[in-house]
Amino acid sequence: MSLDNVVEDIRDEARARAEEIREDGEQRAEEIIEEAETDAEELLESRKTDVERQVEQEREQALSSAKLEAKQKRLEARRDVLEDVRGQVEEELAALSGDRRETLTRSLLDEAADEFDDDADVVVYGRESDQSLIEDILEEYDGYEFGGTYECLGGVVVESQQSRVRVNNTFDSVLEGVWEDNLKEVSSRLFDQ
């Protein structure tokens with residue numbers, strides 16, 4: 001065998017080996033590309049799912065927030081209506097006059113008088129516009145005198161220094177108690193659901 005034949009055999013083997021390496025490289029490159037494409041598709045699907053989940057979560061949060069805001073607005077509107085109703089009641093109480101006002105004032109004073117001893121010196125306060133009415137009523141009570149004005153819708157505040165008792169029987173205080181006790185019923189009637 002000649003040297004030329006050996007060289008040619010080595011070259012043929014090198015070419016065959018090179019072709020084999022190239023084919024292996026191409027096959028490996030295709031496998032890598034397939035894996036990359038599969039990974040990319042999986043990643044894309046995962047991202048899509050994440051984005052869809054995030055969109056749904058944000059939609060739910062926005063919906064929940066909108067529902068909460070609507071509920072707050074309804075509650076504010078109800079509170080405004082209740083305040084208007086209470087304001088109207090206060091206006092009507094302040095506007096009471098004549099026998100109705102005298103009867104209520106007398107009743108509130110009688111109720112307050114039960115808290116004091118018969119021999120106590122008692123001072124009665126009331127609304128400025130009710131002063132003459134209260135003074136007329138007090139003529140029937142021994143030891144009671146008008147002590148001055150009190151900012152209220154009507155009624156009386158009665159106190160005695162001897163017993164250190166003070167009774168607030170104003171229209172305002174009675175309304176406050178009645179309002180608190182009946183707020184749920186008033187609200188139900190106004191906002192029947």
# chains A, B, ... in the order shown; residues from 1 in each chain; ligands from 1
>>> residues_around(residues="region 172-178 of chain A", least_positions_apart="6", cutoff="10 Å", atoms="only C-alpha atoms", output="PyMOL selection string")
chain A and resi 86+89-90+93-94+108+151-157
>>> write_last_selection(atoms="all heavy atoms", output="PDB file, in the first residue's frame")
ATOM      1  N   ARG A  86     -84.881  63.373  60.333  1.00  0.00           N
ATOM      2  CA  ARG A  86     -84.674  63.852  61.707  1.00  0.00           C
ATOM      3  C   ARG A  86     -84.750  65.381  61.743  1.00  0.00           C
ATOM      4  O   ARG A  86     -85.336  65.958  62.658  1.00  0.00           O
ATOM      5  CB  ARG A  86     -83.339  63.378  62.252  1.00  0.00           C
ATOM      6  CG  ARG A  86     -83.166  63.844  63.689  1.00  0.00           C
ATOM      7  CD  ARG A  86     -82.123  63.140  64.413  1.00  0.00           C
ATOM      8  NE  ARG A  86     -82.002  63.725  65.747  1.00  0.00           N
ATOM      9  CZ  ARG A  86     -81.475  63.120  66.742  1.00  0.00           C
ATOM     10  NH1 ARG A  86     -81.015  61.907  66.601  1.00  0.00           N
ATOM     11  NH2 ARG A  86     -81.389  63.705  67.919  1.00  0.00           N
ATOM     12  N   VAL A  89     -88.314  66.377  61.740  1.00  0.00           N
ATOM     13  CA  VAL A  89     -88.921  66.136  63.051  1.00  0.00           C
ATOM     14  C   VAL A  89     -88.514  67.245  64.016  1.00  0.00           C
ATOM     15  O   VAL A  89     -89.355  67.780  64.763  1.00  0.00           O
ATOM     16  CB  VAL A  89     -88.527  64.750  63.607  1.00  0.00           C
ATOM     17  CG1 VAL A  89     -88.942  64.583  65.054  1.00  0.00           C
ATOM     18  CG2 VAL A  89     -89.124  63.643  62.743  1.00  0.00           C
ATOM     19  N   GLU A  90     -87.238  67.615  64.015  1.00  0.00           N
ATOM     20  CA  GLU A  90     -86.761  68.686  64.896  1.00  0.00           C
ATOM     21  C   GLU A  90     -87.474  69.999  64.574  1.00  0.00           C
ATOM     22  O   GLU A  90     -87.866  70.734  65.491  1.00  0.00           O
ATOM     23  CB  GLU A  90     -85.242  68.840  64.775  1.00  0.00           C
ATOM     24  CG  GLU A  90     -84.472  67.705  65.413  1.00  0.00           C
ATOM     25  CD  GLU A  90     -82.969  67.772  65.182  1.00  0.00           C
ATOM     26  OE1 GLU A  90     -82.512  68.626  64.375  1.00  0.00           O
ATOM     27  OE2 GLU A  90     -82.250  66.980  65.807  1.00  0.00           O
ATOM     28  N   LEU A  93     -90.947  69.811  65.959  1.00  0.00           N
ATOM     29  CA  LEU A  93     -90.938  69.961  67.426  1.00  0.00           C
ATOM     30  C   LEU A  93     -90.719  71.420  67.823  1.00  0.00           C
ATOM     31  O   LEU A  93     -91.380  71.930  68.733  1.00  0.00           O
ATOM     32  CB  LEU A  93     -89.848  69.082  68.054  1.00  0.00           C
ATOM     33  CG  LEU A  93     -90.146  67.593  68.128  1.00  0.00           C
ATOM     34  CD1 LEU A  93     -88.908  66.833  68.608  1.00  0.00           C
ATOM     35  CD2 LEU A  93     -91.327  67.318  69.044  1.00  0.00           C
ATOM     36  N   ALA A  94     -89.776  72.068  67.150  1.00  0.00           N
ATOM     37  CA  ALA A  94     -89.489  73.466  67.469  1.00  0.00           C
ATOM     38  C   ALA A  94     -90.690  74.352  67.149  1.00  0.00           C
ATOM     39  O   ALA A  94     -90.923  75.369  67.820  1.00  0.00           O
ATOM     40  CB  ALA A  94     -88.260  73.940  66.702  1.00  0.00           C
ATOM     41  N   LEU A 108     -93.214  66.966  80.676  1.00  0.00           N
ATOM     42  CA  LEU A 108     -91.763  66.797  80.885  1.00  0.00           C
ATOM     43  C   LEU A 108     -91.331  67.353  82.236  1.00  0.00           C
ATOM     44  O   LEU A 108     -90.474  66.774  82.909  1.00  0.00           O
ATOM     45  CB  LEU A 108     -90.984  67.445  79.742  1.00  0.00           C
ATOM     46  CG  LEU A 108     -91.134  66.749  78.386  1.00  0.00           C
ATOM     47  CD1 LEU A 108     -90.524  67.601  77.273  1.00  0.00           C
ATOM     48  CD2 LEU A 108     -90.514  65.370  78.404  1.00  0.00           C
ATOM     49  N   GLU A 151     -80.399  76.203  75.330  1.00  0.00           N
ATOM     50  CA  GLU A 151     -80.512  76.018  73.873  1.00  0.00           C
ATOM     51  C   GLU A 151     -81.082  74.624  73.586  1.00  0.00           C
ATOM     52  O   GLU A 151     -80.411  73.611  73.773  1.00  0.00           O
ATOM     53  CB  GLU A 151     -79.139  76.169  73.226  1.00  0.00           C
ATOM     54  CG  GLU A 151     -79.154  76.146  71.730  1.00  0.00           C
ATOM     55  CD  GLU A 151     -79.851  77.361  71.118  1.00  0.00           C
ATOM     56  OE1 GLU A 151     -79.748  78.465  71.682  1.00  0.00           O
ATOM     57  OE2 GLU A 151     -80.488  77.181  70.072  1.00  0.00           O
ATOM     58  N   CYS A 152     -82.335  74.599  73.164  1.00  0.00           N
ATOM     59  CA  CYS A 152     -82.997  73.324  72.870  1.00  0.00           C
ATOM     60  C   CYS A 152     -84.222  73.581  72.002  1.00  0.00           C
ATOM     61  O   CYS A 152     -84.585  74.730  71.746  1.00  0.00           O
ATOM     62  CB  CYS A 152     -83.384  72.606  74.161  1.00  0.00           C
ATOM     63  SG  CYS A 152     -84.562  73.500  75.182  1.00  0.00           S
ATOM     64  N   LEU A 153     -84.873  72.513  71.585  1.00  0.00           N
ATOM     65  CA  LEU A 153     -86.090  72.616  70.771  1.00  0.00           C
ATOM     66  C   LEU A 153     -87.315  72.916  71.629  1.00  0.00           C
ATOM     67  O   LEU A 153     -88.328  73.387  71.130  1.00  0.00           O
ATOM     68  CB  LEU A 153     -86.332  71.298  70.021  1.00  0.00           C
ATOM     69  CG  LEU A 153     -85.236  70.848  69.067  1.00  0.00           C
ATOM     70  CD1 LEU A 153     -85.507  69.436  68.564  1.00  0.00           C
ATOM     71  CD2 LEU A 153     -85.124  71.824  67.903  1.00  0.00           C
ATOM     72  N   GLY A 154     -87.224  72.628  72.879  1.00  0.00           N
ATOM     73  CA  GLY A 154     -88.324  72.810  73.818  1.00  0.00           C
ATOM     74  C   GLY A 154     -88.122  71.884  74.992  1.00  0.00           C
ATOM     75  O   GLY A 154     -87.135  71.163  75.075  1.00  0.00           O
ATOM     76  N   GLY A 155     -89.074  71.911  75.942  1.00  0.00           N
ATOM     77  CA  GLY A 155     -88.929  71.071  77.115  1.00  0.00           C
ATOM     78  C   GLY A 155     -88.162  71.803  78.195  1.00  0.00           C
ATOM     79  O   GLY A 155     -88.040  73.038  78.173  1.00  0.00           O
ATOM     80  N   VAL A 156     -87.639  71.052  79.181  1.00  0.00           N
ATOM     81  CA  VAL A 156     -86.988  71.670  80.340  1.00  0.00           C
ATOM     82  C   VAL A 156     -85.742  70.902  80.760  1.00  0.00           C
ATOM     83  O   VAL A 156     -85.617  69.707  80.521  1.00  0.00           O
ATOM     84  CB  VAL A 156     -87.963  71.736  81.539  1.00  0.00           C
ATOM     85  CG1 VAL A 156     -89.102  72.702  81.268  1.00  0.00           C
ATOM     86  CG2 VAL A 156     -88.509  70.363  81.900  1.00  0.00           C
ATOM     87  N   VAL A 157     -84.847  71.639  81.411  1.00  0.00           N
ATOM     88  CA  VAL A 157     -83.727  71.055  82.136  1.00  0.00           C
ATOM     89  C   VAL A 157     -83.942  71.488  83.576  1.00  0.00           C
ATOM     90  O   VAL A 157     -84.086  72.681  83.860  1.00  0.00           O
ATOM     91  CB  VAL A 157     -82.366  71.555  81.609  1.00  0.00           C
ATOM     92  CG1 VAL A 157     -81.228  71.038  82.478  1.00  0.00           C
ATOM     93  CG2 VAL A 157     -82.173  71.135  80.166  1.00  0.00           C
TER      94      VAL A 157
END
>>> atom_distance(atom1="CA of Val6 (chain A)", atom2="CA of Glu20 (chain A)")
20.5 Å
>>> closest_residue(among="A:Ala120, A:Ile21, A:Leu183, A:Ala40", to="Glu83 (chain A)", atoms="only C-alpha atoms")
A:Leu183
>>> residues_around(residues="region 113-119 of chain A", least_positions_apart="5", cutoff="8 Å", atoms="only C-alpha atoms", output="MDAnalysis selection string")
chainID A and resid 143 158 160 163 165 167
>>> write_last_selection(atoms="N, CA and C atoms", output="PDB file, in the first residue's frame")
ATOM      1  N   GLY A 143     -91.152  76.102  95.388  1.00  0.00           N
ATOM      2  CA  GLY A 143     -89.694  75.976  95.421  1.00  0.00           C
ATOM      3  C   GLY A 143     -89.048  75.876  94.048  1.00  0.00           C
ATOM      4  N   VAL A 158     -83.970  70.533  84.490  1.00  0.00           N
ATOM      5  CA  VAL A 158     -84.312  70.807  85.885  1.00  0.00           C
ATOM      6  C   VAL A 158     -83.151  70.355  86.762  1.00  0.00           C
ATOM      7  N   SER A 160     -81.195  70.796  90.930  1.00  0.00           N
ATOM      8  CA  SER A 160     -81.241  71.243  92.319  1.00  0.00           C
ATOM      9  C   SER A 160     -79.834  71.185  92.876  1.00  0.00           C
ATOM     10  N   SER A 163     -79.547  68.425  95.959  1.00  0.00           N
ATOM     11  CA  SER A 163     -79.417  67.001  95.642  1.00  0.00           C
ATOM     12  C   SER A 163     -78.419  66.725  94.521  1.00  0.00           C
ATOM     13  N   VAL A 165     -78.771  66.891  91.497  1.00  0.00           N
ATOM     14  CA  VAL A 165     -79.417  66.133  90.432  1.00  0.00           C
ATOM     15  C   VAL A 165     -79.756  67.095  89.305  1.00  0.00           C
ATOM     16  N   VAL A 167     -81.855  66.891  85.577  1.00  0.00           N
ATOM     17  CA  VAL A 167     -82.670  66.080  84.681  1.00  0.00           C
ATOM     18  C   VAL A 167     -82.855  66.854  83.384  1.00  0.00           C
TER      19      VAL A 167
END
>>> decode(residues="region 106-154 of chain A", atoms="N, CA and C atoms", output="CSV table (one decimal), in the first residue's frame")
chain,number,residue,atom,x,y,z
A,106,ARG,N,-95.4,70.7,80.2
A,106,ARG,CA,-95.9,70.4,81.6
A,106,ARG,C,-95.6,68.9,81.9
A,107,SER,N,-95.8,68.0,80.9
A,107,SER,CA,-95.6,66.6,81.1
A,107,SER,C,-94.1,66.3,81.4
A,108,LEU,N,-93.2,67.0,80.7
A,108,LEU,CA,-91.8,66.8,80.9
A,108,LEU,C,-91.3,67.4,82.2
A,109,LEU,N,-91.9,68.5,82.7
A,109,LEU,CA,-91.6,69.1,84.0
A,109,LEU,C,-92.1,68.2,85.1
A,110,ASP,N,-93.3,67.6,85.0
A,110,ASP,CA,-93.9,66.7,86.0
A,110,ASP,C,-93.0,65.5,86.1
A,111,GLU,N,-92.6,64.9,85.0
A,111,GLU,CA,-91.7,63.8,85.0
A,111,GLU,C,-90.4,64.1,85.7
A,112,ALA,N,-89.8,65.2,85.4
A,112,ALA,CA,-88.5,65.6,86.1
A,112,ALA,C,-88.7,65.9,87.5
A,113,ALA,N,-89.9,66.5,87.9
A,113,ALA,CA,-90.1,66.8,89.3
A,113,ALA,C,-90.1,65.6,90.2
A,114,ASP,N,-90.4,64.4,89.7
A,114,ASP,CA,-90.4,63.2,90.5
A,114,ASP,C,-89.1,62.9,91.0
A,115,GLU,N,-88.0,63.4,90.4
A,115,GLU,CA,-86.6,63.1,90.8
A,115,GLU,C,-86.2,64.0,92.0
A,116,PHE,N,-87.0,65.0,92.5
A,116,PHE,CA,-86.6,65.9,93.5
A,116,PHE,C,-87.4,65.8,94.7
A,117,ASP,N,-86.8,66.0,95.9
A,117,ASP,CA,-87.6,66.1,97.2
A,117,ASP,C,-88.5,67.2,97.1
A,118,ASP,N,-89.6,67.1,97.9
A,118,ASP,CA,-90.6,68.2,97.9
A,118,ASP,C,-90.1,69.5,98.5
A,119,ASP,N,-89.1,69.4,99.4
A,119,ASP,CA,-88.6,70.7,100.0
A,119,ASP,C,-87.4,71.2,99.2
A,120,ALA,N,-87.0,70.7,98.1
A,120,ALA,CA,-85.8,71.1,97.4
A,120,ALA,C,-86.1,72.4,96.7
A,121,ASP,N,-85.0,73.2,96.6
A,121,ASP,CA,-85.1,74.4,95.7
A,121,ASP,C,-84.6,74.0,94.4
A,122,VAL,N,-85.5,74.2,93.4
A,122,VAL,CA,-85.3,73.6,92.1
A,122,VAL,C,-85.3,74.7,91.1
A,123,VAL,N,-84.3,74.7,90.2
A,123,VAL,CA,-84.1,75.7,89.1
A,123,VAL,C,-84.5,75.0,87.8
A,124,VAL,N,-85.3,75.7,87.0
A,124,VAL,CA,-85.7,75.1,85.7
A,124,VAL,C,-85.2,76.0,84.6
A,125,TYR,N,-84.6,75.4,83.6
A,125,TYR,CA,-84.1,76.1,82.4
A,125,TYR,C,-85.0,75.6,81.2
A,126,GLY,N,-85.1,76.5,80.2
A,126,GLY,CA,-85.8,76.1,79.0
A,126,GLY,C,-85.5,77.0,77.9
A,127,ARG,N,-86.1,76.8,76.8
A,127,ARG,CA,-85.9,77.6,75.6
A,127,ARG,C,-86.4,79.0,75.8
A,128,GLU,N,-85.6,79.9,75.2
A,128,GLU,CA,-85.9,81.3,75.4
A,128,GLU,C,-87.3,81.7,75.1
A,129,SER,N,-87.8,81.2,74.0
A,129,SER,CA,-89.2,81.5,73.5
A,129,SER,C,-90.2,80.9,74.4
A,130,ASP,N,-89.8,79.9,75.3
A,130,ASP,CA,-90.8,79.2,76.2
A,130,ASP,C,-90.7,79.8,77.6
A,131,GLN,N,-89.9,80.9,77.8
A,131,GLN,CA,-89.8,81.4,79.2
A,131,GLN,C,-91.1,81.7,79.8
A,132,SER,N,-92.0,82.5,79.2
A,132,SER,CA,-93.2,82.8,79.8
A,132,SER,C,-94.1,81.6,80.1
A,133,LEU,N,-94.1,80.7,79.1
A,133,LEU,CA,-94.9,79.4,79.3
A,133,LEU,C,-94.3,78.7,80.5
A,134,ILE,N,-93.0,78.5,80.7
A,134,ILE,CA,-92.4,77.8,81.8
A,134,ILE,C,-92.7,78.5,83.1
A,135,GLU,N,-92.6,79.8,83.1
A,135,GLU,CA,-92.8,80.6,84.3
A,135,GLU,C,-94.3,80.4,84.7
A,136,ASP,N,-95.2,80.4,83.8
A,136,ASP,CA,-96.7,80.2,84.1
A,136,ASP,C,-96.9,78.8,84.8
A,137,ILE,N,-96.2,77.8,84.2
A,137,ILE,CA,-96.4,76.4,84.7
A,137,ILE,C,-95.7,76.3,86.1
A,138,LEU,N,-94.6,77.0,86.3
A,138,LEU,CA,-93.9,76.9,87.6
A,138,LEU,C,-94.6,77.6,88.7
A,139,GLU,N,-95.6,78.4,88.5
A,139,GLU,CA,-96.5,79.0,89.5
A,139,GLU,C,-97.2,77.9,90.3
A,140,GLU,N,-97.3,76.7,89.7
A,140,GLU,CA,-98.0,75.6,90.4
A,140,GLU,C,-97.0,74.7,91.2
A,141,TYR,N,-95.7,75.0,91.2
A,141,TYR,CA,-94.7,74.2,91.8
A,141,TYR,C,-94.1,75.1,92.9
A,142,ASP,N,-94.1,74.6,94.2
A,142,ASP,CA,-93.4,75.3,95.3
A,142,ASP,C,-91.9,75.0,95.2
A,143,GLY,N,-91.2,76.1,95.4
A,143,GLY,CA,-89.7,76.0,95.4
A,143,GLY,C,-89.0,75.9,94.0
A,144,TYR,N,-89.8,76.0,93.0
A,144,TYR,CA,-89.3,76.0,91.6
A,144,TYR,C,-89.2,77.4,91.1
A,145,GLU,N,-88.2,77.7,90.4
A,145,GLU,CA,-88.1,79.0,89.7
A,145,GLU,C,-87.4,78.8,88.3
A,146,PHE,N,-87.6,79.8,87.4
A,146,PHE,CA,-87.0,79.8,86.1
A,146,PHE,C,-85.6,80.3,86.3
A,147,GLY,N,-84.6,79.5,85.8
A,147,GLY,CA,-83.2,79.9,86.0
A,147,GLY,C,-82.5,80.5,84.8
A,148,GLY,N,-83.2,80.5,83.7
A,148,GLY,CA,-82.6,81.0,82.5
A,148,GLY,C,-82.8,80.2,81.3
A,149,THR,N,-82.2,80.6,80.2
A,149,THR,CA,-82.5,79.9,78.9
A,149,THR,C,-81.5,78.7,78.7
A,150,TYR,N,-82.0,77.8,77.9
A,150,TYR,CA,-81.2,76.6,77.6
A,150,TYR,C,-81.4,76.4,76.1
A,151,GLU,N,-80.4,76.2,75.3
A,151,GLU,CA,-80.5,76.0,73.9
A,151,GLU,C,-81.1,74.6,73.6
A,152,CYS,N,-82.3,74.6,73.2
A,152,CYS,CA,-83.0,73.3,72.9
A,152,CYS,C,-84.2,73.6,72.0
A,153,LEU,N,-84.9,72.5,71.6
A,153,LEU,CA,-86.1,72.6,70.8
A,153,LEU,C,-87.3,72.9,71.6
A,154,GLY,N,-87.2,72.6,72.9
A,154,GLY,CA,-88.3,72.8,73.8
A,154,GLY,C,-88.1,71.9,75.0
